[in-house]
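Data from input-v6.cif: mmCIF, C-alpha atoms and all ligand atoms
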data_structure
loop_
_atom_site.label_atom_id
_atom_site.label_comp_id
_atom_site.auth_asym_id
_atom_site.auth_seq_id
_atom_site.Cartn_x
_atom_site.Cartn_y
_atom_site.Cartn_z
CA MET A 16 121.55 81.84 326.08
CA SER A 17 124.61 79.68 325.88
CA ARG A 18 126.53 78.14 323.04
CA TYR A 19 126.23 74.83 324.90
CA TRP A 20 122.47 74.72 324.42
CA SER A 21 120.92 72.46 321.84
CA ALA A 22 119.04 74.03 318.93
CA VAL A 23 115.75 72.77 320.41
CA VAL A 24 116.39 74.54 323.71
CA HIS A 25 117.26 77.77 321.89
CA GLY A 26 113.86 77.63 320.20
CA LEU A 27 111.73 76.83 323.29
CA THR A 28 109.14 79.16 324.80
CA PRO A 29 108.49 77.38 328.12
CA TYR A 30 105.17 77.33 329.96
CA VAL A 31 104.88 79.80 332.85
CA PRO A 32 103.03 78.23 335.78
CA GLY A 33 100.79 80.33 338.03
CA GLU A 34 102.65 81.93 340.88
CA GLN A 35 103.17 80.00 344.15
CA PRO A 36 103.89 82.93 346.50
CA LYS A 37 105.84 82.24 349.67
CA LEU A 38 103.79 84.76 351.69
CA ALA A 39 101.38 83.56 354.37
CA ASN A 40 97.77 84.75 354.74
CA LEU A 41 97.07 85.13 351.06
CA VAL A 42 93.70 84.45 349.51
CA LYS A 43 95.15 82.28 346.77
CA LEU A 44 92.72 81.97 343.89
CA ASN A 45 95.18 81.77 340.99
CA THR A 46 96.05 78.13 340.19
CA ASN A 47 92.78 76.21 340.49
CA GLU A 48 93.81 74.21 343.53
CA ASN A 49 91.09 72.74 345.72
CA PRO A 50 90.55 74.86 348.87
CA TYR A 51 89.82 71.73 350.93
CA GLY A 52 92.41 69.23 352.06
CA PRO A 53 92.91 65.77 350.55
CA SER A 54 91.09 62.69 351.82
CA PRO A 55 92.23 61.81 355.38
CA LYS A 56 92.50 58.21 354.13
CA ALA A 57 94.95 59.36 351.44
CA LEU A 58 97.04 61.15 354.07
CA ASP A 59 97.07 58.00 356.27
CA ALA A 60 98.09 55.85 353.31
CA MET A 61 101.01 58.17 352.57
CA ARG A 62 102.12 58.25 356.20
CA ALA A 63 102.14 54.45 356.17
CA GLU A 64 104.61 54.55 353.28
CA ALA A 65 107.24 56.38 355.33
CA THR A 66 109.14 53.21 356.25
CA ASP A 67 112.33 51.38 355.50
CA THR A 68 110.90 50.17 352.19
CA LEU A 69 111.65 53.61 350.74
CA ARG A 70 115.10 52.21 349.99
CA LEU A 71 113.42 50.17 347.25
CA TYR A 72 112.24 51.57 343.92
CA PRO A 73 108.48 51.89 343.59
CA ASP A 74 106.40 49.68 341.28
CA PRO A 75 107.33 51.03 337.83
CA ASN A 76 103.87 50.22 336.47
CA SER A 77 101.83 51.43 339.48
CA ASP A 78 99.75 48.25 339.17
CA ARG A 79 97.64 48.70 342.31
CA LEU A 80 96.88 52.32 341.51
CA ARG A 81 96.00 51.50 337.90
CA ALA A 82 93.68 48.73 339.13
CA GLY A 83 92.01 51.21 341.50
CA ILE A 84 91.53 53.78 338.73
CA ALA A 85 90.23 51.05 336.40
CA ALA A 86 87.73 49.91 339.05
CA TYR A 87 86.55 53.50 339.59
CA HIS A 88 85.90 53.99 335.87
CA GLY A 89 84.73 50.45 335.09
CA VAL A 90 87.48 49.81 332.52
CA GLY A 91 90.34 47.29 332.33
CA ALA A 92 93.69 48.06 333.98
CA ASP A 93 95.27 47.77 330.51
CA GLN A 94 93.24 50.86 329.58
CA VAL A 95 94.90 53.03 332.24
CA PHE A 96 98.18 54.94 332.09
CA VAL A 97 99.46 56.95 335.07
CA GLY A 98 102.01 59.73 335.22
CA ASN A 99 103.58 62.47 337.29
CA GLY A 100 100.67 64.89 337.00
CA SER A 101 98.49 65.03 333.92
CA ASP A 102 101.05 67.42 332.47
CA GLU A 103 103.43 64.49 332.12
CA VAL A 104 100.66 62.26 330.75
CA LEU A 105 99.83 64.97 328.20
CA ALA A 106 103.49 65.41 327.26
CA HIS A 107 103.75 61.69 326.53
CA ALA A 108 100.52 61.82 324.53
CA PHE A 109 101.94 64.60 322.34
CA MET A 110 105.05 62.54 321.67
CA ALA A 111 103.36 59.15 321.35
CA LEU A 112 100.08 59.95 319.61
CA LEU A 113 99.97 63.50 318.25
CA LYS A 114 103.26 63.73 316.34
CA HIS A 115 102.38 63.02 312.73
CA ASP A 116 102.79 64.68 309.34
CA GLN A 117 99.72 66.90 309.52
CA PRO A 118 99.28 69.74 312.05
CA ILE A 119 97.28 69.00 315.16
CA LEU A 120 94.28 71.17 316.06
CA PHE A 121 93.41 72.89 319.32
CA PRO A 122 91.46 76.05 320.25
CA ASP A 123 93.12 79.47 320.09
CA ILE A 124 92.15 80.00 323.71
CA THR A 125 93.00 76.91 325.72
CA TYR A 126 95.53 75.36 328.10
CA SER A 127 98.72 77.21 327.26
CA PHE A 128 100.90 74.13 327.75
CA TYR A 129 99.73 72.62 324.43
CA PRO A 130 101.79 74.91 322.16
CA VAL A 131 104.73 74.42 324.52
CA TYR A 132 104.67 70.62 324.01
CA CYS A 133 104.43 71.25 320.28
CA GLY A 134 107.58 73.38 320.52
CA LEU A 135 109.41 70.73 322.55
CA TYR A 136 108.49 67.84 320.26
CA GLU A 137 108.49 69.87 317.04
CA ILE A 138 104.83 69.20 316.27
CA ALA A 139 103.04 71.52 313.83
CA TYR A 140 99.72 72.88 315.08
CA ARG A 141 96.79 75.00 313.98
CA GLN A 142 94.76 77.00 316.48
CA ILE A 143 91.03 77.06 315.85
CA PRO A 144 89.28 80.24 317.06
CA LEU A 145 86.60 79.84 319.69
CA THR A 146 83.26 81.44 318.80
CA GLU A 147 82.31 84.94 319.96
CA LEU A 148 80.88 83.32 323.08
CA PHE A 149 84.13 81.40 323.69
CA GLU A 150 82.66 78.06 322.64
CA ILE A 151 84.35 75.16 320.86
CA GLN A 152 82.54 74.46 317.60
CA VAL A 153 82.98 70.82 316.62
CA ASP A 154 82.45 71.43 312.89
CA ASP A 155 85.69 73.46 312.84
CA TYR A 156 87.60 70.29 313.77
CA LEU A 157 86.07 68.04 311.11
CA THR A 158 88.94 68.65 308.72
CA PRO A 159 92.07 66.57 308.00
CA ASN A 160 94.46 66.78 310.98
CA GLY A 161 97.30 65.05 312.82
CA GLY A 162 95.23 64.93 316.02
CA VAL A 163 92.88 67.04 318.14
CA ILE A 164 93.23 68.09 321.76
CA PHE A 165 91.24 70.34 324.07
CA PRO A 166 90.18 70.42 327.70
CA ASN A 167 86.57 69.79 328.64
CA PRO A 168 85.64 72.04 330.40
CA ASN A 169 88.01 74.30 328.46
CA ALA A 170 90.61 76.32 330.31
CA PRO A 171 90.77 79.18 331.06
CA THR A 172 87.17 79.81 329.93
CA GLY A 173 85.52 77.07 332.04
CA ARG A 174 83.03 76.41 329.24
CA LEU A 175 81.79 72.85 328.94
CA LEU A 176 81.16 71.04 325.65
CA ALA A 177 78.25 68.57 325.69
CA LEU A 178 79.23 64.90 325.52
CA ALA A 179 77.06 64.46 322.40
CA GLU A 180 79.26 67.05 320.65
CA ILE A 181 82.42 65.16 321.64
CA GLU A 182 80.87 62.01 320.22
CA ARG A 183 80.07 63.89 316.99
CA LEU A 184 83.73 64.91 316.77
CA LEU A 185 84.86 61.31 317.29
CA ALA A 186 82.43 59.95 314.72
CA GLY A 187 83.57 62.50 312.14
CA ASN A 188 87.28 62.17 312.91
CA PRO A 189 88.14 58.44 312.87
CA ASP A 190 91.70 58.69 311.52
CA SER A 191 93.57 60.65 314.16
CA VAL A 192 93.77 60.67 317.95
CA VAL A 193 91.40 62.91 319.91
CA VAL A 194 92.62 63.78 323.41
CA ILE A 195 90.00 65.14 325.81
CA ASP A 196 91.74 66.72 328.78
CA GLU A 197 89.30 66.31 331.69
CA ALA A 198 91.34 68.12 334.34
CA TYR A 199 88.15 69.84 335.59
CA ILE A 200 85.38 67.40 334.61
CA ASP A 201 84.52 66.38 338.19
CA PHE A 202 83.06 69.84 338.86
CA GLY A 203 79.87 69.17 336.94
CA GLY A 204 80.63 67.78 333.49
CA GLU A 205 79.90 64.43 331.89
CA SER A 206 83.05 62.40 331.25
CA ALA A 207 84.01 61.01 327.84
CA VAL A 208 85.48 57.89 329.49
CA GLY A 209 82.26 56.03 328.63
CA LEU A 210 83.05 56.54 324.92
CA VAL A 211 86.47 54.87 325.08
CA ALA A 212 85.10 51.37 324.38
CA ARG A 213 83.54 52.54 321.10
CA TYR A 214 86.23 54.91 319.80
CA PRO A 215 89.73 53.47 319.33
CA GLN A 216 91.17 56.96 318.72
CA LEU A 217 89.95 58.50 322.00
CA LEU A 218 92.28 59.25 324.90
CA VAL A 219 90.86 60.91 328.03
CA THR A 220 93.28 62.49 330.51
CA ARG A 221 92.46 63.29 334.13
CA THR A 222 94.22 64.58 337.21
CA LEU A 223 94.03 64.22 340.99
CA SER A 224 95.28 67.81 341.34
CA LYS A 225 91.89 69.50 341.32
CA SER A 226 88.92 67.35 342.38
CA HIS A 227 91.03 65.18 344.73
CA ALA A 228 92.87 68.16 346.25
CA LEU A 229 96.23 66.52 345.55
CA ALA A 230 98.03 69.08 343.39
CA GLY A 231 101.10 68.66 345.60
CA LEU A 232 101.30 64.92 344.95
CA ARG A 233 101.51 65.12 341.14
CA VAL A 234 99.33 62.28 339.87
CA GLY A 235 97.47 62.23 336.57
CA TYR A 236 96.23 59.47 334.32
CA ALA A 237 94.86 58.63 330.91
CA ILE A 238 92.17 56.20 329.81
CA GLY A 239 92.10 54.77 326.31
CA GLN A 240 92.08 51.47 324.46
CA PRO A 241 95.15 49.28 325.13
CA HIS A 242 96.88 50.15 321.84
CA LEU A 243 96.95 53.86 322.83
CA ILE A 244 98.10 53.00 326.36
CA GLU A 245 100.92 50.89 324.94
CA ALA A 246 102.17 53.90 322.95
CA LEU A 247 102.26 55.98 326.16
CA ASN A 248 104.13 53.21 327.97
CA ARG A 249 106.69 53.04 325.20
CA VAL A 250 107.43 56.76 325.65
CA LYS A 251 107.37 56.53 329.46
CA ASP A 252 109.86 53.66 329.45
CA SER A 253 112.10 55.66 327.14
CA PHE A 254 112.03 58.62 329.54
CA ASN A 255 111.50 57.68 333.22
CA SER A 256 110.41 54.21 334.30
CA TYR A 257 109.43 55.33 337.82
CA PRO A 258 107.31 58.46 337.37
CA LEU A 259 105.24 57.87 340.52
CA ASP A 260 106.97 57.42 343.85
CA ARG A 261 105.67 55.23 346.67
CA PHE A 262 103.80 58.10 348.38
CA ALA A 263 102.08 59.10 345.16
CA GLN A 264 100.95 55.57 344.34
CA ALA A 265 99.60 54.91 347.86
CA GLY A 266 97.98 58.33 348.34
CA ALA A 267 96.36 58.41 344.91
CA LEU A 268 94.93 54.90 345.31
CA ALA A 269 93.43 55.71 348.73
CA SER A 270 91.97 58.92 347.31
CA MET A 271 90.38 57.14 344.34
CA GLU A 272 88.86 54.64 346.78
CA ASP A 273 87.50 57.40 349.04
CA ARG A 274 84.87 58.41 346.52
CA ALA A 275 82.46 59.82 349.10
CA TYR A 276 85.11 62.28 350.31
CA PHE A 277 86.18 63.72 347.00
CA GLU A 278 82.63 63.90 345.73
CA SER A 279 81.71 65.87 348.86
CA ILE A 280 84.49 68.44 348.40
CA CYS A 281 83.60 68.82 344.69
CA ALA A 282 79.97 69.44 345.66
CA LYS A 283 81.09 72.14 348.13
CA VAL A 284 83.14 73.84 345.41
CA VAL A 285 80.20 73.72 343.00
CA ARG A 286 77.89 75.26 345.64
CA THR A 287 80.36 78.08 346.27
CA ARG A 288 80.77 78.60 342.52
CA THR A 289 77.03 79.28 342.18
CA ARG A 290 77.21 81.87 344.97
CA LEU A 291 80.37 83.46 343.59
CA VAL A 292 78.89 83.84 340.10
CA ALA A 293 75.77 85.52 341.54
CA ASP A 294 77.88 87.89 343.67
CA MET A 295 80.15 88.79 340.74
CA GLU A 296 77.17 89.41 338.47
CA ALA A 297 75.65 91.66 341.11
CA LEU A 298 78.85 93.75 340.91
CA GLY A 299 78.40 94.12 337.13
CA PHE A 300 80.81 91.38 336.01
CA GLU A 301 80.05 89.23 332.98
CA VAL A 302 80.85 85.64 333.93
CA LEU A 303 81.15 82.84 331.38
CA PRO A 304 79.16 79.70 332.28
CA SER A 305 81.60 77.48 334.18
CA GLY A 306 81.75 73.70 334.55
CA ALA A 307 85.08 73.96 336.38
CA ASN A 308 86.47 74.97 339.80
CA PHE A 309 87.18 78.43 338.45
CA ILE A 310 85.28 81.21 336.75
CA PHE A 311 86.30 83.52 333.92
CA ALA A 312 84.91 87.01 334.33
CA ARG A 313 85.28 90.56 333.02
CA HIS A 314 83.93 93.89 334.11
CA PRO A 315 82.79 96.23 331.33
CA ALA A 316 84.22 99.27 333.11
CA HIS A 317 87.46 97.90 334.56
CA ASP A 318 90.69 96.65 333.06
CA GLY A 319 91.57 93.01 333.89
CA ALA A 320 95.28 93.59 334.57
CA GLU A 321 94.52 96.62 336.74
CA LEU A 322 91.96 94.71 338.80
CA ALA A 323 94.40 91.82 339.32
CA THR A 324 97.04 94.29 340.56
CA ARG A 325 94.60 96.05 342.94
CA LEU A 326 93.44 92.68 344.32
CA ARG A 327 97.02 91.65 344.88
CA GLU A 328 97.59 94.77 346.99
CA ARG A 329 94.81 93.39 349.16
CA SER A 330 96.55 89.96 349.36
CA ILE A 331 94.12 88.31 346.94
CA ILE A 332 95.77 86.56 344.01
CA VAL A 333 93.83 85.72 340.84
CA ARG A 334 95.13 84.86 337.35
CA HIS A 335 95.27 87.33 334.50
CA PHE A 336 96.40 86.42 330.96
CA LYS A 337 97.70 89.26 328.77
CA ARG A 338 97.40 87.19 325.62
CA PRO A 339 95.55 86.55 323.41
CA ALA A 340 94.13 90.10 323.40
CA ARG A 341 90.56 88.77 323.43
CA ILE A 342 90.95 87.43 326.96
CA ALA A 343 92.99 90.33 328.37
CA PRO A 344 89.88 91.94 329.97
CA PHE A 345 89.16 88.72 331.93
CA LEU A 346 90.21 87.42 335.30
CA ARG A 347 90.38 83.69 335.97
CA ILE A 348 89.35 83.16 339.55
CA THR A 349 89.62 79.83 341.35
CA VAL A 350 86.60 78.95 343.47
CA GLY A 351 87.89 78.97 347.03
CA THR A 352 86.09 78.43 350.33
CA ASP A 353 83.01 80.55 351.03
CA ALA A 354 85.15 82.75 353.29
CA GLN A 355 87.80 83.28 350.59
CA CYS A 356 85.13 84.17 348.04
CA ASP A 357 83.54 86.59 350.54
CA ALA A 358 86.94 88.29 350.93
CA LEU A 359 87.24 88.55 347.14
CA ILE A 360 83.77 90.03 346.77
CA ALA A 361 84.40 92.55 349.58
CA ALA A 362 87.61 93.67 347.85
CA LEU A 363 85.90 93.93 344.45
CA LYS A 364 83.09 95.97 345.99
CA ALA A 365 85.68 98.52 347.02
CA LEU A 366 87.31 98.49 343.56
CA CYS A 367 84.35 98.43 341.16
C1 LIG A 401 93.50 72.03 331.31
C2 LIG A 401 94.57 71.50 332.18
N1 LIG A 401 95.10 70.30 331.90
C3 LIG A 401 96.06 69.78 332.65
C4 LIG A 401 96.55 70.44 333.75
C5 LIG A 401 97.69 69.84 334.51
O1 LIG A 401 97.34 69.34 335.73
P1 LIG A 401 98.31 68.45 336.59
O2 LIG A 401 99.65 68.37 335.88
O3 LIG A 401 98.39 69.10 337.91
O4 LIG A 401 97.68 67.09 336.64
C6 LIG A 401 96.04 71.69 334.10
C7 LIG A 401 96.58 72.41 335.26
O5 LIG A 401 96.23 73.48 335.63
C8 LIG A 401 95.02 72.23 333.28
O6 LIG A 401 94.51 73.44 333.56
#

Taking this structure as input, can you express it in the form of structure tokens?
Ligand SMILES: Cc1ncc(COP(=O)(O)O)c(C=O)c1O
Amino acid sequence: MSRYWSAVVHGLTPYVPGEQPKLANLVKLNTNENPYGPSPKALDAMRAEATDTLRLYPDPNSDRLRAGIAAYHGVGADQVFVGNGSDEVLAHAFMALLKHDQPILFPDITYSFYPVYCGLYEIAYRQIPLTELFEIQVDDYLTPNGGVIFPNPNAPTGRLLALAEIERLLAGNPDSVVVIDEAYIDFGGESAVGLVARYPQLLVTRTLSKSHALAGLRVGYAIGQPHLIEALNRVKDSFNSYPLDRFAQAGALASMEDRAYFESICAKVVRTRTRLVADMEALGFEVLPSGANFIFARHPAHDGAELATRLRERSIIVRHFKRPARIAPFLRITVGTDAQCDALIAALKALC
């Protein structure tokens, strides 16, 4: 606290990111990173950027990268916006497209950055409870609103909403923006990008942090019709004209172009997820169906916080959320390599 702070800063409750411990030899399953390295072609492209040209500012509009993303998705480059991680893209979307007179809607259990952006930009919101089975029910969102946002698959539950349900939401909600946050969609879900041409109020956000194994590079993007993209650009150019540096633009483009590589690492993660779920269930855990690179699981006889602490003593880090109370029994566990998941299962066998 300081008397020099603005009133907005006094009122903020900032997001708390998952821990990035400095210790070596951890089994790190707490922040949904990809256990495999990025595309070797992306690494080469970044190395090639380490030249004298770094004295020059990067392309403020990331034209080549946006063209590469557009080609990947089969949309126009004027339908693509890029930012410094999808967190930044989301922040701009809150400011540019979700700040209206009516409250916006998002699930009560979802990505915990959404209420933080609402606090920062002074946006009213209403949280819609997930069902008993932690599902999003589209009918609950077919009510007047200033906008709708949720991840698909949802986080931290991992539950996937069928594309037909997203289309039903769009058809029934033509007057405000719907943001579908597809941070985890590459691990088995069907993207809503194909609906963008038909729904002028749809914005889909994606990231290279998870499926492309580039969390350290900080690149995210949004796809929507040009009028939505223009709103994001207006905010970006009122905030930071150069959100992506030269390494990020080159590395992200090479990664988008190396489709075979990132599809292969996603497939490996999905295979390990199937094994991990079976092993956890064999230990008595209830595991929610996951379309993501993490699972959300609870044990009927063991406390979530206690299990997380005991795992940590064995150098295995998973994520536990104390709130809301409904998810306190759960652990969110990132799908690691087969060896990491074996280490987790061995530790849980000793604990459960
Ligand atoms: C649902 C969801 N959206 C967005 C993000 C942000 O990803 P990034 O800023 O790394 O692109 C995350 C990160 O964990 C997430 O879980």

Once you count all atoms listed in the file, which residues end up within 9 Å of ligand LIG 401 (chain A), and could you hand them over as an mmCIF file with C-alpha atoms, in the coordinates of the input?
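As a result, part30.cif now contains:
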data_model
loop_
_atom_site.group_PDB
_atom_site.id
_atom_site.type_symbol
_atom_site.label_atom_id
_atom_site.label_comp_id
_atom_site.auth_asym_id
_atom_site.auth_seq_id
_atom_site.Cartn_x
_atom_site.Cartn_y
_atom_site.Cartn_z
ATOM 1 C CA PRO A 32 103.030 78.230 335.780
ATOM 2 C CA GLY A 33 100.790 80.330 338.030
ATOM 3 C CA THR A 46 96.050 78.130 340.190
ATOM 4 C CA ASN A 47 92.780 76.210 340.490
ATOM 5 C CA GLU A 48 93.810 74.210 343.530
ATOM 6 C CA GLY A 98 102.010 59.730 335.220
ATOM 7 C CA ASN A 99 103.580 62.470 337.290
ATOM 8 C CA GLY A 100 100.670 64.890 337.000
ATOM 9 C CA SER A 101 98.490 65.030 333.920
ATOM 10 C CA ASP A 102 101.050 67.420 332.470
ATOM 11 C CA GLU A 103 103.430 64.490 332.120
ATOM 12 C CA VAL A 104 100.660 62.260 330.750
ATOM 13 C CA LEU A 105 99.830 64.970 328.200
ATOM 14 C CA THR A 125 93.000 76.910 325.720
ATOM 15 C CA TYR A 126 95.530 75.360 328.100
ATOM 16 C CA SER A 127 98.720 77.210 327.260
ATOM 17 C CA PHE A 128 100.900 74.130 327.750
ATOM 18 C CA PHE A 165 91.240 70.340 324.070
ATOM 19 C CA PRO A 166 90.180 70.420 327.700
ATOM 20 C CA ASN A 167 86.570 69.790 328.640
ATOM 21 C CA PRO A 168 85.640 72.040 330.400
ATOM 22 C CA ASN A 169 88.010 74.300 328.460
ATOM 23 C CA ALA A 170 90.610 76.320 330.310
ATOM 24 C CA PRO A 171 90.770 79.180 331.060
ATOM 25 C CA ASP A 196 91.740 66.720 328.780
ATOM 26 C CA GLU A 197 89.300 66.310 331.690
ATOM 27 C CA ALA A 198 91.340 68.120 334.340
ATOM 28 C CA TYR A 199 88.150 69.840 335.590
ATOM 29 C CA THR A 220 93.280 62.490 330.510
ATOM 30 C CA ARG A 221 92.460 63.290 334.130
ATOM 31 C CA THR A 222 94.220 64.580 337.210
ATOM 32 C CA LEU A 223 94.030 64.220 340.990
ATOM 33 C CA SER A 224 95.280 67.810 341.340
ATOM 34 C CA LYS A 225 91.890 69.500 341.320
ATOM 35 C CA LEU A 229 96.230 66.520 345.550
ATOM 36 C CA ALA A 230 98.030 69.080 343.390
ATOM 37 C CA GLY A 231 101.100 68.660 345.600
ATOM 38 C CA LEU A 232 101.300 64.920 344.950
ATOM 39 C CA ARG A 233 101.510 65.120 341.140
ATOM 40 C CA VAL A 234 99.330 62.280 339.870
ATOM 41 C CA GLY A 235 97.470 62.230 336.570
ATOM 42 C CA TYR A 236 96.230 59.470 334.320
#

Considering all atoms listed in the file, give me a table of residues in range 144-240 of chain A that are at most 10 Å from range 283-302 of chain A, with the closest atom pair and distance in Å for each, as a tab-separated table.
residue	atom	partner	partner_atom	distance
A:Thr172	CA	A:Val302	CA	9.5
A:Gly173	CA	A:Val302	CA	9.9
A:Asp201	CA	A:Val285	CA	9.8
A:Phe202	CA	A:Val285	CA	6.4
A:Gly203	CA	A:Val285	CA	7.6
A:Ser226	CA	A:Val284	CA	9.2

Polymer residues at most 6 Å from Val219 in chain A, only C-alpha atoms, same-chain spacing of 6 or more positions, as a PyMOL selection string = chain A and resi 194-196+237-238

Need the neighbours of (92.5, 53.2, 338.4): which residues are at most 12 Å away, counting all atoms listed in the file, as a ChimeraX atom specification?
-> /A:76-98,221-223,234-238,264-265,267-272

Taking a cut-off of 10 Å and counting all atoms listed in the file, can you build a table that, for each residue of range 159-253 of chain A near range 135-150 of chain A, reports the nearest atom pair and how far apart they are in Å (one decimal), sorted by chain then residue number, as a tab-separated table?
residue	atom	partner	partner_atom	distance
A:Asn160	CA	A:Tyr140	CA	9.0
A:Gly161	CA	A:Tyr140	CA	8.5
A:Gly162	CA	A:Tyr140	CA	9.2
A:Val163	CA	A:Tyr140	CA	9.5
A:Asn169	CA	A:Glu150	CA	8.8
A:Thr172	CA	A:Phe149	CA	7.1
A:Gly173	CA	A:Phe149	CA	9.5
A:Arg174	CA	A:Glu150	CA	6.8
A:Leu175	CA	A:Glu150	CA	8.2
A:Leu176	CA	A:Glu150	CA	7.8

Kindly indicate which residue among A:Val192, A:Gly306, A:Ala343, A:Leu210 lies nearest to Asp318 in chain A, using only C-alpha atoms for the distances.
->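 Of the candidates, the smallest distance to Asp318 in chain A is held by A:Ala343.
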
Name the closest residue to Thr66 in chain A among the candidates A:Thr158, A:Phe262, A:Arg347, A:Ser206; distances are taken between atoms, counting only C-alpha atoms.
->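 Ranked by minimum distance to Thr66 in chain A, first place goes to A:Phe262.
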
For Arg338 in chain A, which of A:Lys43, A:Arg70, A:Asp123, A:Pro315 is the closest residue, counting only C-alpha atoms?
->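 That would be A:Asp123, the residue with the smallest distance to Arg338 in chain A.
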
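In terms of minimum interatomic distance to Ser330 in chain A, A:Leu44 ranks closest within A:Leu44, A:Glu182, A:Tyr30, A:Tyr132, counting all atoms listed in the file.
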
Nearest to Thr349 in chain A, chosen from A:Ala177, A:Val42, A:Val250, A:Ile244, with only C-alpha atoms counted in the distances |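 Using only C-alpha atoms, Thr349 in chain A sits closest to A:Val42.
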
Point-to-point distance from CA of Arg62 in chain A to CA of Ala228 in chain A, Å rounded to tenths =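 Distance between the two atoms: 16.8 Å.
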
Computed interatomic separation between CA of His314 in chain A and CA of Pro344 in chain A (Å) |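 For CA of His314 in chain A relative to CA of Pro344 in chain A, the distance reads 7.5 Å.
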
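Our summary of the geometry notes that CA of Val333 in chain A is positioned 24.6 Å from CA of Ser279 in chain A.
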
Using the file's own x, y and z axes, what box holds all listed atoms of range 94-101 of chain A with 6 Å on each side, keeping edges along x, y and z, and what are its centre and edge lengths in Å to one decimal, as lines of an AutoDock Vina configuration file?
center_x = 98.4
center_y = 57.9
center_z = 333.4
size_x = 22.3
size_y = 26.2
size_z = 19.7
